[in-house]
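Below is one structure; the comments refer to it alone.
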Number of protein chains: 4
Amino acid sequence: MDDDTICINVGGTIFTTKLSTLQKYPDTLLGSLSIKLDCYSKEDKSFYFDRNPELFNTILDYYRNGVLHLPHHLCGWLWKTELEFWKIPLTDISECCHKTLSSHNKRVDVSNMLKSVFSPLNQSEYASPSGIGKLRHRLWLFLDEPASSTWAKVFSFIYLSIVLLSSSLPCLITHPGIRIQTSNATTIFALAAHNNVHMWINKDNPKEMQLATTKEPDWLYYWSLVISIFFSVETILRLVICSTKNKFVKEWLNILDIILFVIMWICYGIKHGYEKKLLSNKHLAYFLCFCEAVSVLRLFRFFRLAKQYSSLRILFIAVQSSARELLLLLITFFVFGWMFANLIYYTEILESESFPNMLVGFWWSVVTMTTVGYGDVYPIGPLGRVVGVLCSLCGLLVLAMPIAIIAGNFDSLCRHNEEREAYAELQSKQTSNIPKAWETSKIDPNYPSKLLKNHT
Amino acid sequence: MDDDTICINVGGTIFTTKLSTLQKYPDTLLGSLSIKLDCYSKEDKSFYFDRNPELFNTILDYYRNGVLHLPHHLCGWLWKTELEFWKIPLTDISECCHKTLSSHNKRVDVSNMLKSVFSPLNQSEYASPSGIGKLRHRLWLFLDEPASSTWAKVFSFIYLSIVLLSSSLPCLITHPGIRIQTSNATTIFALAAHNNVHMWINKDNPKEMQLATTKEPDWLYYWSLVISIFFSVETILRLVICSTKNKFVKEWLNILDIILFVIMWICYGIKHGYEKKLLSNKHLAYFLCFCEAVSVLRLFRFFRLAKQYSSLRILFIAVQSSARELLLLLITFFVFGWMFANLIYYTEILESESFPNMLVGFWWSVVTMTTVGYGDVYPIGPLGRVVGVLCSLCGLLVLAMPIAIIAGNFDSLCRHNEEREAYAELQSKQTSNIPKAWETSKIDPNYPSKLLKNHT
Amino acid sequence: MDDDTICINVGGTIFTTKLSTLQKYPDTLLGSLSIKLDCYSKEDKSFYFDRNPELFNTILDYYRNGVLHLPHHLCGWLWKTELEFWKIPLTDISECCHKTLSSHNKRVDVSNMLKSVFSPLNQSEYASPSGIGKLRHRLWLFLDEPASSTWAKVFSFIYLSIVLLSSSLPCLITHPGIRIQTSNATTIFALAAHNNVHMWINKDNPKEMQLATTKEPDWLYYWSLVISIFFSVETILRLVICSTKNKFVKEWLNILDIILFVIMWICYGIKHGYEKKLLSNKHLAYFLCFCEAVSVLRLFRFFRLAKQYSSLRILFIAVQSSARELLLLLITFFVFGWMFANLIYYTEILESESFPNMLVGFWWSVVTMTTVGYGDVYPIGPLGRVVGVLCSLCGLLVLAMPIAIIAGNFDSLCRHNEEREAYAELQSKQTSNIPKAWETSKIDPNYPSKLLKNHT
Amino acid sequence: MDDDTICINVGGTIFTTKLSTLQKYPDTLLGSLSIKLDCYSKEDKSFYFDRNPELFNTILDYYRNGVLHLPHHLCGWLWKTELEFWKIPLTDISECCHKTLSSHNKRVDVSNMLKSVFSPLNQSEYASPSGIGKLRHRLWLFLDEPASSTWAKVFSFIYLSIVLLSSSLPCLITHPGIRIQTSNATTIFALAAHNNVHMWINKDNPKEMQLATTKEPDWLYYWSLVISIFFSVETILRLVICSTKNKFVKEWLNILDIILFVIMWICYGIKHGYEKKLLSNKHLAYFLCFCEAVSVLRLFRFFRLAKQYSSLRILFIAVQSSARELLLLLITFFVFGWMFANLIYYTEILESESFPNMLVGFWWSVVTMTTVGYGDVYPIGPLGRVVGVLCSLCGLLVLAMPIAIIAGNFDSLCRHNEEREAYAELQSKQTSNIPKAWETSKIDPNYPSKLLKNHT
């Protein structure tokens, strides 16, 4: 063996390489080896490092080849630690093998994100020692944690069924079979003429006439009132128990509750305070309609359920983390939709019955690209049909891609969450049932000191 | 080498590390090493363990780094065994590498589940020694195991074609080209008036009039009767051969058979016993309709085929194991559907021809979100069309995600099943054709004792 | 070291284990070790095997743990060879690690299948030494291998454009703008009445009237004739050059050619020989229609292109290899379709305008489940709409799964094919440009004998 | 140990094998070993190579087994280097393990492609030392690099909003609510008759009449003019600043700009110069329509955004790299579409109201296969409906496959890009914060010379 050869003992395994090879990177630990170091053993003429010999092969290959290629079967964390020990900069990892590290980082990020989402709320902030604090804490458990007690569970069931009810009632109110006739068209207009009031209602619109000549039955009215009061009380309670206002605002469901609270009582006020004025005041009627439409958001109260239902929450996270792709979907979709709207208008300009203007063309192109295809508008001429064929094919293409991405995100998040759950289960189960080493084997429990004494 | 250094011989490979490192975890085997142990060899001044040296690198790294990171290329079972040997608690595995273990556990679970589903039924419970037991067993083989004999195969073909026939006949019965005219509208109403019977039939509904004035042809009647008797006999036979009633109830196809059996004869009874009363008794007619509608379940008899057809069974398992995602799909779907129903009703309230009430709006939003798009209702006004665009995009999004999950489940189950089949094939094929070691090599068959004698 | 310990030198690395451990499996090579064997070295007191030490760890673990768990990062072939060497039966591989082996087998199967599909046809069977054989071979190259010569390429372009033409002509013939008026409705019926011939044509059907009163223009007739002759000559040539009739029959495109050849001339014969009779003989007209409909199969001639276009061929293979899933798709689809047909008929029985019979219901359920949704039939009543919602959701579910499988098959086949192409490219490129070892290094080319002399 | 045995020391680990095994491949480095070589050490009687011992196991297995199987967990680059060192031809890699290499090559290709797409434009070509060059460079930064300065950012926002405006204006112009009535139908025709001019406009087509009797409002006209001038100036600036004309042509967005520039002013010219002639000259009107239709391409200016928006660019690359599959999609789609067009025409030939000719049949089959299903044409007869069922199922199948591929390509490109970004971030961040080895450890900085002196 010539003088250039250097022996390194890594965790018991001997590696021999050339000194000149190591000195290629003088800033690293191996590049700056000196026999004056503590780790040099004169007997064996080798440097000793207490590291993993399996990983050291890759480290030496870095000096031999000049590039750092990491095996894919080991965790990124190990490599980070190892490279730090040997003082090799992370930037010398070759691009093709950087995946090992970056995928580890990503895993950890996703894992932390999921943990923070699913971690039980830090209860200490509610559990103040004072009596009011305790009450507050109990109320919070009752309202938000169905798992905490039987009453909380019962409450959560009642809550959900009331949400269900509150969502169906406004729907039923519009059904002609349920409404009660109070007057008829002639009476109303006669009355209006008599009172010299201008009626804004369109006689030919059955929906407007229905709203004007019928009213909701009494039982429905009382139900609505009960539900309104229930949600009002619940919202106020939530507002009360939440010690930190700041926190309350952060959760969008709470803000929604307040908005719904306000709108609910505005609707109630208009309906019962200004009932007569609705027929003569167009703007008031429109405002009531708008309020009723907004109060559909009460459906999102279903998502209070999500706290207990992890899949649903992951769905939301997936949509959130795909925001960029969703935007992409929308931009591309609208650019193509607009383009086909233009094309179809000009190709069908000689057909008198289709596509009166370009906005109708846009409606058609959206309906076609999403493959809904109502059939209220469709191209008639041969050129228009060619545009139609292109439009539907284009839609399939444009929509397939971002949806694939979002679905992929959802899938990977689901798998991550499964692993997180499996790990949490392991942690909670196995901490206790691993017997202490000195309980199951015949090893002397006083070994550390003894071993030190007797060894060598 | 200083005093702190400790040598460990693992399966022939020497590892050197520091004692202080090992003593970080005193509860583990390595942390409690003592030279008094049997495995300590004074000659070599090292501890000997008969373990895999490759895995030991990871074990030592646990002491060096304080965290347990498992290489991904080895089976979770190996790590479990290894960690148990070294008395390292499983909970010390770092979260990022826990996948190796949890994915192994999941694999084993899925594998066991598939095995239990596809395992041949334990035949011993049928095969009692007595004569009746034998007959029972034979009957069971004949009815349920087409692979058992040629007659069983023939029977299974006949069974399937009768199922096919029994599914198509009720369909054909409703076709006007097949029914035979017995009377006409005027005759019936004249007769009813003469007999002073109130006729509930709507004269303007061609379907009701058809049922009242025509009857099924005789050949169809006899066919139906033959099929009814065939299924009755088959159901009774199944009931008879099943020794344990409990087991019979567990299989939902058997319960279905009994339900269909009852309904079939009720229908038969009403049709032929109370034929005249049907025209005057509305409730009896409705009950008959209901029975006929339920008896469509006879189609599920096709899934008796599934016992032999593994893909179909995996489809069912995939749907079952995705139950949570399916529920998620339904909840999200209906929440959004309901929301768009509200929005479309209020945005289109001034259009007199579309969306008379909110239930129609819900029907529209479902038809749009599933991209079916019949075109019976659709928004007309500009705001309504904006809601329509949002609704169709939303539907694509909401549906894409859970479907991706279910498809993914199906795909992974299929692959698992493929592997299971490949493994089962290997097991059945190769047990015999591996020659005994002493047959193919020149090794003395008496080696064990000799070796012990001669060795060392 | 006690007597039980045994040393094994595998390729230079020493492994020590216990003899009792090895003797657990006496039928295997290691279980039947004897010091009388050639591989035992008395000096080192160890057995020497010239094998891979990395793999040996797994082999030893088999004796230690009793189960064979294979690392996933090594090829299945290596394990097969290794296990055969150590005489360990393949059946002792644990189920969880059998994937390494089975996936290797599957890879090889798919690879061989792809190779056989894409291998250039064995040309030797055409290339007989005789003159006719040569001519045949040349003709075959000309017709089937566009890459063989410039003329062949030109021919292939002409062929494809004629296929395109032959597919569009029958389409154009039906367009009223192209057909030439020969008579009008009154003339025809007057003539028929005069000749005392019964005319079967429906006066109210514009399509039938068009066929009766117009004829194709002359230029179209001549074009059709030219195309017919072209394909006839081509079919005959193919029949002639194919030395082995058996082979000819195997390729379905050839059978198609013959079928089209026959139908083409039957159509020609009827059109020009019995032109007058067509109007009076209903059956002849129907037969002509049937022939014209069948001759649409001429479109499949496009797939002669597939020989050069690998993606298309892989599409076919993917569909073939998913035949089981396709069948599954169809069965499940039709069972559900039929079920919803029943349900919708009975739930809508009181609506006089929808679903006159169950066959219409089936048409509706298929149109809904595939999300096509023409809107020609749709449920009207509330119960019918509930069935409609279920039907569309069900369709999305049933269709998503098998399509995912087929798409997955296609995807994996595409990737396999990419690898196959990369490998084939490597093989064709690199055979020559690797310099011989003795050309580029200063090693004495006579080394083998010398080395043997000088060594030791 | 017998004479045939040979010892090889690879990086410190000893491997022993048989000489005869190595000499199987005399052209390789190991096959041509001679004790005259420098690497032979007489003391140890072994050859020394400074290589990775882990990889050498695979190399030796090549000699033992005759085939080269590469472990999957190491990077393809390492194997390439290793095989080159040992002079083993790459072609001896077994097909099943070639994936390691080919997937590495593919990764590198994709990575380079992405880098070239996302690399910042080489600025040096703009930054000439002269004053005009500097101005040019600044202008280019201002127009194309929003990140370069605040003004550039503001400009980019203005640019995008003008693009948005320029896309919506032509749409609004067609809306009847915005246009201003200038004359009415009678006036126009009266005037035309008076001037003895032939009017080509169809009185019954409301769209044509609208264009003839109304004009765009003045404010819209001035807005359009401003936008036109803005884009003209911008296009001219781009043309000016681009030093190399060649480069300008390469970017399709620039070509688009010029085309739009020309068309925009042609439209302007026709509208304002020949306004009167439009009503009498049909061809001029058609030409104007065509120009307006083409100018929809202005929407693609949105994709200037893509330079900053990587997801969108990746979408384009994915579509590009799937060109072969897209073509496949189109061919298969049209072959099947054409086939079903034929079938539906002949099966519905007796129905007088559906499918007047085969082109309508093609339109129907496309609308069905994409599951759009307008419902303007649909089969009526039973046979036609069977064809319809087949067509919709076929469409689902044909479309599912290539879309899966494209979505897959997009997905994998996205992941590649994520990795690229992570790597770029690592490179930019970590170059500086890794401390020099001699700064943080107590190693003598003069080690190299000293070490050489003191060693051995």
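Each chain in the structure tokens gets a letter, A, B, ..., in the order shown, and its residues are numbered from 1; ligands are numbered from 1 in order too.
For region 273-287 of chain B, the residues within 8 Å (counting only C-alpha atoms, excluding itself and residues fewer than 4 positions away along the chain) are B:Val197, B:His198, B:Met199, B:Trp200, B:Ile201, B:Ala212, B:Gly269, B:Cys291.
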Residues of chain C no more than 6 Å from chain D, counting only C-alpha atoms: send them over as a compact mmCIF listing (two decimals) with N, CA and C atoms, in the first residue's frame.
```txt
# COMPACT_ATOMS: atom_id res chain seq x y z
N GLY C 11 -18.14 -14.72 -0.37
CA GLY C 11 -17.54 -13.73 -1.25
C GLY C 11 -16.57 -12.81 -0.55
N GLY C 12 -15.93 -13.29 0.54
CA GLY C 12 -14.93 -12.46 1.22
C GLY C 12 -15.39 -11.94 2.56
N ASP C 50 -18.89 -18.63 -3.13
CA ASP C 50 -18.64 -17.47 -4.01
C ASP C 50 -19.98 -16.81 -4.36
N ASN C 52 -22.94 -13.40 -3.37
CA ASN C 52 -23.07 -12.00 -2.98
C ASN C 52 -23.31 -11.90 -1.47
N HIS C 73 -35.51 -3.65 -2.86
CA HIS C 73 -34.74 -2.87 -3.82
C HIS C 73 -33.95 -3.73 -4.80
N LEU C 74 -34.07 -5.05 -4.68
CA LEU C 74 -33.33 -5.91 -5.60
C LEU C 74 -34.31 -6.64 -6.51
N CYS C 171 -71.07 9.15 -46.70
CA CYS C 171 -71.66 10.16 -45.86
C CYS C 171 -72.22 11.29 -46.74
N THR C 174 -75.54 10.90 -48.68
CA THR C 174 -76.83 11.09 -48.02
C THR C 174 -77.22 12.55 -47.89
N HIS C 175 -76.31 13.46 -48.24
CA HIS C 175 -76.60 14.88 -48.07
C HIS C 175 -77.45 15.39 -49.23
N ASN C 205 -91.98 10.20 -45.01
CA ASN C 205 -90.61 10.13 -44.53
C ASN C 205 -89.68 10.78 -45.55
N ALA C 293 -74.83 -0.42 -44.18
CA ALA C 293 -74.51 -0.19 -42.77
C ALA C 293 -73.27 -0.99 -42.36
N THR C 371 -74.46 10.16 -17.97
CA THR C 371 -74.51 11.63 -17.88
C THR C 371 -74.67 12.31 -19.23
N VAL C 372 -75.20 11.59 -20.22
CA VAL C 372 -75.46 12.23 -21.51
C VAL C 372 -76.66 13.18 -21.37
N GLY C 373 -77.78 12.64 -20.89
CA GLY C 373 -78.94 13.47 -20.57
C GLY C 373 -79.51 14.26 -21.73
N TYR C 374 -80.07 13.56 -22.76
CA TYR C 374 -80.63 14.28 -23.90
C TYR C 374 -81.77 15.19 -23.48
N GLY C 375 -82.62 14.68 -22.58
CA GLY C 375 -83.79 15.45 -22.21
C GLY C 375 -85.02 15.09 -23.03
N ALA C 407 -57.99 2.83 -17.55
CA ALA C 407 -57.05 3.92 -17.73
C ALA C 407 -55.71 3.56 -17.08
N GLN C 427 -29.67 -0.91 -26.79
CA GLN C 427 -29.06 -2.11 -27.37
C GLN C 427 -28.52 -1.81 -28.76
N LYS C 436 -12.93 -2.04 -26.49
CA LYS C 436 -12.44 -3.27 -25.87
C LYS C 436 -11.53 -2.89 -24.71
N ALA C 437 -11.56 -3.69 -23.67
CA ALA C 437 -10.81 -3.36 -22.46
C ALA C 437 -9.32 -3.24 -22.74
N TYR C 447 -2.92 -11.82 -20.41
CA TYR C 447 -2.97 -11.97 -18.95
C TYR C 447 -3.46 -13.33 -18.43
N LEU C 451 -1.36 -14.75 -15.59
CA LEU C 451 -1.89 -14.54 -14.25
C LEU C 451 -1.93 -15.85 -13.48
```
Could you tell me how far CA of Val110 (chain D) lies from CA of Ala318 (chain C), in Å and to one decimal?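 These atoms are spaced 26.3 Å apart.
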Using DSSP assignments from the backbone, pull out every residue in region 180-352 of chain A that falls under strand (DSSP E or B) and give it to me as a list in words. Ile180, Gln181, Thr214 and Lys215 of chain A
For CA of Cys267 (chain B) and CA of Leu288 (chain B), quote the distance in Å rounded to one decimal.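 Result for CA of Cys267 (chain B) versus CA of Leu288 (chain B): 6.2 Å, one decimal.
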To test your reading of the structure, identify every residue in region 74-126 of chain B that backbone DSSP assigns to alpha helix (DSSP H), and report it as a ChimeraX atom specification. /B:76-85,99-118
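Within the 12 Å cut-off around Leu220 (chain C), using only C-alpha atoms and omitting residues fewer than 4 positions from it on the same chain, the listed residues are Leu165, Ser166, Ser168, Leu169, Pro170, Cys171, Leu172, Ile173, Thr174, Ile178, Arg179, Ile180, Lys215, Glu216, Ser224, Leu225, Val226 and Ile227 of chain C.
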Would you mind exporting N, CA and C atoms of the selected residues as an mmCIF file, in the first residue's frame?
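The resulting file, part-v2.cif, is reproduced below:
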```
data_model
loop_
_atom_site.group_PDB
_atom_site.id
_atom_site.type_symbol
_atom_site.label_atom_id
_atom_site.label_comp_id
_atom_site.auth_asym_id
_atom_site.auth_seq_id
_atom_site.Cartn_x
_atom_site.Cartn_y
_atom_site.Cartn_z
ATOM 1 N N LEU C 165 -61.231 8.912 -47.986
ATOM 2 C CA LEU C 165 -62.201 9.226 -49.028
ATOM 3 C C LEU C 165 -63.351 8.229 -48.996
ATOM 4 N N SER C 166 -62.996 6.953 -48.921
ATOM 5 C CA SER C 166 -64.016 5.907 -48.960
ATOM 6 C C SER C 166 -64.934 5.980 -47.744
ATOM 7 N N SER C 168 -65.714 8.993 -46.292
ATOM 8 C CA SER C 168 -66.526 10.211 -46.357
ATOM 9 C C SER C 168 -67.564 10.137 -47.475
ATOM 10 N N LEU C 169 -67.248 9.426 -48.569
ATOM 11 C CA LEU C 169 -68.187 9.396 -49.695
ATOM 12 C C LEU C 169 -69.585 8.925 -49.302
ATOM 13 N N PRO C 170 -69.731 7.788 -48.616
ATOM 14 C CA PRO C 170 -71.085 7.331 -48.275
ATOM 15 C C PRO C 170 -71.827 8.326 -47.400
ATOM 16 N N CYS C 171 -71.066 9.147 -46.695
ATOM 17 C CA CYS C 171 -71.664 10.162 -45.861
ATOM 18 C C CYS C 171 -72.216 11.288 -46.738
ATOM 19 N N LEU C 172 -71.409 11.697 -47.703
ATOM 20 C CA LEU C 172 -71.812 12.786 -48.583
ATOM 21 C C LEU C 172 -73.021 12.386 -49.432
ATOM 22 N N ILE C 173 -73.035 11.116 -49.811
ATOM 23 C CA ILE C 173 -74.130 10.644 -50.665
ATOM 24 C C ILE C 173 -75.485 10.914 -50.032
ATOM 25 N N THR C 174 -75.536 10.898 -48.684
ATOM 26 C CA THR C 174 -76.831 11.088 -48.017
ATOM 27 C C THR C 174 -77.215 12.552 -47.891
ATOM 28 N N ILE C 178 -76.049 17.354 -52.378
ATOM 29 C CA ILE C 178 -75.189 16.706 -53.364
ATOM 30 C C ILE C 178 -75.987 15.829 -54.321
ATOM 31 N N ARG C 179 -77.051 15.234 -53.835
ATOM 32 C CA ARG C 179 -77.848 14.327 -54.670
ATOM 33 C C ARG C 179 -78.535 15.095 -55.797
ATOM 34 N N ILE C 180 -78.760 14.392 -56.875
ATOM 35 C CA ILE C 180 -79.392 15.020 -58.056
ATOM 36 C C ILE C 180 -80.825 14.529 -58.165
ATOM 37 N N LYS C 215 -80.693 10.726 -57.140
ATOM 38 C CA LYS C 215 -79.616 9.738 -57.329
ATOM 39 C C LYS C 215 -78.276 10.425 -57.084
ATOM 40 N N GLU C 216 -77.267 9.627 -56.835
ATOM 41 C CA GLU C 216 -75.952 10.217 -56.609
ATOM 42 C C GLU C 216 -75.421 10.785 -57.924
ATOM 43 N N SER C 224 -66.517 6.229 -56.483
ATOM 44 C CA SER C 224 -66.811 5.028 -55.725
ATOM 45 C C SER C 224 -66.286 3.797 -56.453
ATOM 46 N N LEU C 225 -66.487 3.785 -57.737
ATOM 47 C CA LEU C 225 -66.048 2.645 -58.535
ATOM 48 C C LEU C 225 -64.533 2.494 -58.453
ATOM 49 N N VAL C 226 -63.828 3.627 -58.624
ATOM 50 C CA VAL C 226 -62.361 3.595 -58.575
ATOM 51 C C VAL C 226 -61.903 3.051 -57.221
ATOM 52 N N ILE C 227 -62.512 3.561 -56.162
ATOM 53 C CA ILE C 227 -62.133 3.123 -54.818
ATOM 54 C C ILE C 227 -62.413 1.642 -54.636
#
```
